[in-house]
Every structure is written in structure tokens, then in C-alpha cells.
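Okay, structure first, notes after.
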Amino acid sequence: METNSSAKFDKNDVLSISGDYGVVNQIAFQGRSFASNSVVKYGVLHNEDIVYTKSPLKANPYGIIKTNKGKAGIVSPLYAIYHPKNNLVPSFVQSYFEQNERLNNYLRPLVNKGAKNNMLISNEKAISGKVIFPSRKEQEKISALLERVDSLLTLHQRQQNGGYLWLENSAKQVCFAIITASGYRSTKKALSDQLR
């Protein structure tokens, strides 16, 4: 994992992972930084990197997997950072795992919970589960469609003055379910085949 050893980034560049909003700047999202005094051991999260956080959420008791769709920053050393290989569209990964049931079903067999309800899983183990991803070309088309749906919902949300996060997530999940049910051609393979 690339670390912030050169101190290129500071506390203002610390990113958090939100179940609803994805990768966000911690200060902008939570109003302050929760980072330790020194952030030189924090991992560098580049644009389009994939990140796994073991922090359980009510809807995702085994953690969450998101894609950094914004600018580079740093994350706690507790987060696992992965770089997509050429056969993977990073935004597709986030769309794939946005459905809570799919994410939980993927992570459940990989994670062991400790005595204090902490996640016992290595960074390598977190991407050892099987996924069904279509070809890169199909991933690009699916991602473009879902980004268009997202843009339309954002526009509608602005017109209605907010309050449509549930609708946005539901619409994207329905679109993804229709696309995956239509039978894109692929076989199950380890997520580690797609990430490094």
C-alpha cells in the first residue's frame, strides 16, 4: 500500500467512506477531521482506486466497498486500498456492491468477527470472493447508463429541493438488477483477478 510518507497530504485531505455517499472528504462530510496527529502512515487513495472499510454499518455489518470517484486523498491505515486492473471499470465495482444484499452476501463468508465484534479479515482475503463481472466493454455501458440515471435523479432532486436519497439508490438498484438479469455473459471469478 502506498503511504503518505512524503507528507504530500495533510489532515485536510483525509477521506471517509460513507455507505450512502461513497468516498467523501472527512472535514466536508463530518465537519472535522478524526485523523491522528500524524498522517504519514495513512494510505494514499487515488481517483478510481477501490477501498474496503471494515467498519460495520447497520445495513452492512461486514463493511463496505466503494470507488474513489473524486480527487486523491488519504485514508486510515485500517482501510484496504486496491488498484483496478485494465479489465475493470472502477465505477462498475461501486455499482455492483451498492446493493446491500449483494455486498453482504459477498463479504459474509470471508469475514470472521472477533470477540469485540471487530472484523477479522486480511486485505487479500477481502478480495478473494467470487464475483460475476461482464467484459470491460459491457461494464463501460452499464456504468454509463447508471451514471445517466444518477444525473437525472440528481437533477430531479435539485428541482424538488432534496430528500431523494432513497429513490436514487432504489432506482440504481432496479436498473442494475434489470441489466444483470438480462444475462450478460461472464463467469464467476475472484475479485482479486480484477484488482491489485
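Scheme for the C-alpha cells: letters A, B, ... for chains in order shown; per-chain residue numbers from 1; ligand numbers from 1 in order shown.
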
Excluding same-chain residues fewer than 6 positions from A:Asn47, what lies within 12 Å of it counting only C-alpha atoms, as a ChimeraX atom specification? /A:15,23-24,66-74,81-84,90-91

Show which residues sit within 7 Å of stretch 56-62 of chain A, as a PyMOL selection string. Count only C-alpha atoms, and ignore same-chain residues fewer than 5 positions away. chain A and resi 100+104+107-108+111

Would you write out those residues with N, CA and C atoms, as a PDB file, in the first residue's frame?
ATOM      1  N   ASN A 100     -27.079  -3.611  -0.921  1.00  0.00           N
ATOM      2  CA  ASN A 100     -26.640  -4.122   0.380  1.00  0.00           C
ATOM      3  C   ASN A 100     -26.616  -5.644   0.440  1.00  0.00           C
ATOM      4  N   ASN A 104     -23.316  -7.772   1.281  1.00  0.00           N
ATOM      5  CA  ASN A 104     -23.303  -8.616   2.477  1.00  0.00           C
ATOM      6  C   ASN A 104     -23.095 -10.085   2.124  1.00  0.00           C
ATOM      7  N   LEU A 107     -19.328 -10.494   1.301  1.00  0.00           N
ATOM      8  CA  LEU A 107     -18.388 -10.399   2.426  1.00  0.00           C
ATOM      9  C   LEU A 107     -18.636 -11.419   3.543  1.00  0.00           C
ATOM     10  N   ARG A 108     -19.897 -11.821   3.756  1.00  0.00           N
ATOM     11  CA  ARG A 108     -20.236 -12.698   4.889  1.00  0.00           C
ATOM     12  C   ARG A 108     -19.334 -13.927   4.992  1.00  0.00           C
ATOM     13  N   VAL A 111     -15.504 -12.878   6.124  1.00  0.00           N
ATOM     14  CA  VAL A 111     -15.208 -12.150   7.365  1.00  0.00           C
ATOM     15  C   VAL A 111     -15.463 -13.023   8.583  1.00  0.00           C
TER      16      VAL A 111
END

Sort by chain and increasing residue number a table of all residues of stretch 8-90 of chain A within 8 Å of stretch 117-126 of chain A, each with its closest pair of atoms and their distance in Å to one decimal, counting only C-alpha atoms, and write it as JSON lines.
{"residue": "A:Tyr52", "atom": "CA", "partner": "A:Ala126", "partner_atom": "CA", "distance": 7.9}
{"residue": "A:Lys54", "atom": "CA", "partner": "A:Met119", "partner_atom": "CA", "distance": 6.0}
{"residue": "A:Ser55", "atom": "CA", "partner": "A:Met119", "partner_atom": "CA", "distance": 7.8}
{"residue": "A:Tyr62", "atom": "CA", "partner": "A:Met119", "partner_atom": "CA", "distance": 7.1}
{"residue": "A:Ala80", "atom": "CA", "partner": "A:Asn123", "partner_atom": "CA", "distance": 5.6}

Could you take the residues named above and write them with C-alpha atoms, as an mmCIF file, in the first residue's frame?
data_model
loop_
_atom_site.group_PDB
_atom_site.id
_atom_site.type_symbol
_atom_site.label_atom_id
_atom_site.label_comp_id
_atom_site.auth_asym_id
_atom_site.auth_seq_id
_atom_site.Cartn_x
_atom_site.Cartn_y
_atom_site.Cartn_z
ATOM 1 C CA TYR A 52 -12.742 -1.533 1.624
ATOM 2 C CA LYS A 54 -14.141 -2.987 7.857
ATOM 3 C CA SER A 55 -16.284 -0.521 9.809
ATOM 4 C CA TYR A 62 -19.224 -6.710 7.287
ATOM 5 C CA ALA A 80 -7.709 -1.645 2.334
#

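We find atom CA of A:Ser33 and atom CA of A:Ala7 to be spaced 16.3 Å apart.
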
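Using only C-alpha atoms, the nearest neighbour of A:Ala28 within the list A:Val14, A:Ala144, A:Ile127, A:Val40 is A:Val14.
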
Can you list every residue in chain A that DSSP puts in helix (DSSP H, G or I), as an mmCIF file with C-alpha atoms, in the first residue's frame?
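Done, and the output landed in selection-v7.cif:
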data_model
loop_
_atom_site.group_PDB
_atom_site.id
_atom_site.type_symbol
_atom_site.label_atom_id
_atom_site.label_comp_id
_atom_site.auth_asym_id
_atom_site.auth_seq_id
_atom_site.Cartn_x
_atom_site.Cartn_y
_atom_site.Cartn_z
ATOM 1 C CA LYS A 11 -5.487 16.347 7.691
ATOM 2 C CA ASN A 12 -7.486 18.399 5.191
ATOM 3 C CA ASP A 13 -7.096 15.554 2.679
ATOM 4 C CA GLN A 26 -13.916 13.836 6.078
ATOM 5 C CA ILE A 27 -13.990 17.532 7.034
ATOM 6 C CA ALA A 28 -16.562 18.447 4.375
ATOM 7 C CA PHE A 29 -18.755 15.466 5.329
ATOM 8 C CA GLN A 30 -18.403 15.345 9.122
ATOM 9 C CA PRO A 90 -13.877 1.200 -11.261
ATOM 10 C CA SER A 91 -17.324 2.817 -11.168
ATOM 11 C CA PHE A 92 -18.805 -0.579 -12.066
ATOM 12 C CA VAL A 93 -17.399 -2.039 -8.817
ATOM 13 C CA GLN A 94 -19.203 0.562 -6.738
ATOM 14 C CA SER A 95 -22.450 -0.009 -8.640
ATOM 15 C CA TYR A 96 -22.062 -3.771 -8.239
ATOM 16 C CA PHE A 97 -21.667 -3.501 -4.468
ATOM 17 C CA ASN A 100 -26.640 -4.122 0.380
ATOM 18 C CA GLU A 101 -27.721 -7.734 -0.037
ATOM 19 C CA ARG A 102 -25.117 -8.389 -2.739
ATOM 20 C CA LEU A 103 -22.337 -6.745 -0.695
ATOM 21 C CA ASN A 104 -23.303 -8.616 2.477
ATOM 22 C CA ASN A 105 -23.555 -11.944 0.635
ATOM 23 C CA TYR A 106 -20.101 -11.336 -0.855
ATOM 24 C CA LEU A 107 -18.388 -10.399 2.426
ATOM 25 C CA LYS A 125 -8.987 -12.166 1.838
ATOM 26 C CA ALA A 126 -11.405 -9.264 1.269
ATOM 27 C CA ILE A 127 -10.988 -9.621 -2.499
ATOM 28 C CA ARG A 136 -14.901 -4.291 -19.808
ATOM 29 C CA LYS A 137 -16.966 -3.040 -22.758
ATOM 30 C CA GLU A 138 -20.200 -4.119 -21.052
ATOM 31 C CA GLN A 139 -19.020 -2.636 -17.735
ATOM 32 C CA GLU A 140 -18.493 0.697 -19.514
ATOM 33 C CA LYS A 141 -22.019 0.612 -20.976
ATOM 34 C CA ILE A 142 -23.617 -0.360 -17.656
ATOM 35 C CA SER A 143 -21.645 2.312 -15.793
ATOM 36 C CA ALA A 144 -22.603 4.968 -18.352
ATOM 37 C CA LEU A 145 -26.287 4.050 -18.020
ATOM 38 C CA LEU A 146 -26.161 4.136 -14.216
ATOM 39 C CA GLU A 147 -24.300 7.462 -14.241
ATOM 40 C CA ARG A 148 -27.008 8.863 -16.529
ATOM 41 C CA VAL A 149 -29.720 7.623 -14.142
ATOM 42 C CA ASP A 150 -27.762 9.178 -11.276
ATOM 43 C CA SER A 151 -27.527 12.518 -13.128
ATOM 44 C CA LEU A 152 -31.257 12.541 -13.867
ATOM 45 C CA LEU A 153 -32.093 11.755 -10.253
ATOM 46 C CA THR A 154 -29.712 14.458 -9.028
ATOM 47 C CA LEU A 155 -31.368 16.974 -11.339
ATOM 48 C CA HIS A 156 -34.804 15.900 -10.108
ATOM 49 C CA GLN A 157 -33.587 16.084 -6.503
ATOM 50 C CA ARG A 158 -32.386 19.677 -7.012
ATOM 51 C CA GLN A 159 -35.739 20.589 -8.533
ATOM 52 C CA GLN A 160 -37.543 19.037 -5.564
ATOM 53 C CA LEU A 165 -31.519 9.515 -1.488
ATOM 54 C CA TRP A 166 -33.796 6.500 -1.043
ATOM 55 C CA LEU A 167 -35.276 6.971 -4.518
ATOM 56 C CA GLU A 168 -31.816 7.394 -6.030
ATOM 57 C CA ASN A 169 -30.457 4.179 -4.501
ATOM 58 C CA SER A 170 -33.622 2.245 -5.327
ATOM 59 C CA ALA A 171 -33.662 3.369 -8.957
ATOM 60 C CA LYS A 172 -29.996 2.483 -9.438
ATOM 61 C CA GLN A 173 -30.554 -0.937 -7.853
ATOM 62 C CA VAL A 174 -33.533 -1.616 -10.118
ATOM 63 C CA CYS A 175 -31.503 -0.617 -13.198
ATOM 64 C CA PHE A 176 -28.603 -2.823 -12.123
ATOM 65 C CA ALA A 177 -30.955 -5.749 -11.387
ATOM 66 C CA ILE A 178 -32.542 -5.446 -14.843
ATOM 67 C CA ILE A 179 -29.139 -5.308 -16.508
ATOM 68 C CA THR A 180 -27.773 -8.296 -14.600
ATOM 69 C CA ALA A 181 -30.981 -10.288 -15.104
ATOM 70 C CA LEU A 191 -12.368 -10.187 -7.284
ATOM 71 C CA SER A 192 -8.589 -10.346 -6.836
ATOM 72 C CA ASP A 193 -8.385 -11.188 -10.560
#

So how far away is atom CA of A:Ile50 from atom CA of A:Ser6, in Å?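 Between these atoms lies a distance of 22.0 Å.
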
Work out how far atom CA of A:Ala190 is from atom CA of A:Ile132, in Å to one decimal.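 We find that atom CA of A:Ile132 and atom CA of A:Ala190 lie 8.7 Å from each other.
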
Given the choices A:Lys188, A:Leu195, A:Val39, A:Asp10, which gets closest to A:Lys130 if the distance is worked out from only C-alpha atoms? A:Lys188

Using the chain letters and numbers from this document, which residues of stretch 54-147 of chain A does DSSP assign to strand (DSSP E or B), as a PyMOL selection string? chain A and resi 64-67+73-75+80-82+84+112-113+119-120+130-132

Generate a file of the selected residues that holds N, CA and C atoms, formatted as a compact mmCIF listing (two decimals), in the first residue's frame.
# COMPACT_ATOMS: atom_id res chain seq x y z
N ILE A 64 -17.93 -2.03 3.94
CA ILE A 64 -18.38 -1.57 2.63
C ILE A 64 -17.22 -1.45 1.66
N ILE A 65 -17.54 -1.57 0.38
CA ILE A 65 -16.58 -1.43 -0.71
C ILE A 65 -17.06 -0.28 -1.60
N LYS A 66 -16.18 0.69 -1.83
CA LYS A 66 -16.53 1.85 -2.65
C LYS A 66 -15.39 2.20 -3.60
N THR A 67 -15.68 3.05 -4.56
CA THR A 67 -14.70 3.55 -5.52
C THR A 67 -14.49 5.04 -5.26
N GLY A 73 -6.66 11.49 -2.02
CA GLY A 73 -6.56 11.88 -0.62
C GLY A 73 -5.95 10.74 0.16
N ILE A 74 -6.15 10.75 1.47
CA ILE A 74 -5.58 9.70 2.32
C ILE A 74 -6.67 9.10 3.19
N VAL A 75 -6.47 7.82 3.53
CA VAL A 75 -7.40 7.11 4.40
C VAL A 75 -6.63 6.42 5.51
N ALA A 80 -8.44 -0.93 3.39
CA ALA A 80 -7.71 -1.65 2.33
C ALA A 80 -7.92 -0.90 1.02
N ILE A 81 -6.82 -0.66 0.31
CA ILE A 81 -6.87 0.06 -0.96
C ILE A 81 -6.45 -0.88 -2.08
N TYR A 82 -7.21 -0.87 -3.17
CA TYR A 82 -6.93 -1.72 -4.32
C TYR A 82 -6.91 -0.86 -5.58
N PRO A 84 -7.48 -0.91 -9.69
CA PRO A 84 -8.12 -1.74 -10.72
C PRO A 84 -7.14 -2.14 -11.82
N ASN A 112 -14.53 -12.99 9.52
CA ASN A 112 -14.74 -13.57 10.85
C ASN A 112 -14.86 -12.40 11.81
N LYS A 113 -15.83 -12.50 12.73
CA LYS A 113 -16.00 -11.43 13.72
C LYS A 113 -15.28 -11.84 15.00
N MET A 119 -13.88 -6.82 12.84
CA MET A 119 -13.74 -7.62 11.63
C MET A 119 -12.35 -8.24 11.56
N LEU A 120 -12.31 -9.54 11.41
CA LEU A 120 -11.05 -10.25 11.25
C LEU A 120 -10.97 -10.72 9.80
N LYS A 130 -15.84 -14.61 -4.92
CA LYS A 130 -16.19 -14.70 -6.34
C LYS A 130 -17.22 -13.63 -6.72
N VAL A 131 -17.03 -13.05 -7.89
CA VAL A 131 -17.95 -12.06 -8.45
C VAL A 131 -18.22 -12.43 -9.90
N ILE A 132 -19.31 -11.92 -10.43
CA ILE A 132 -19.61 -12.11 -11.85
C ILE A 132 -19.61 -10.74 -12.50
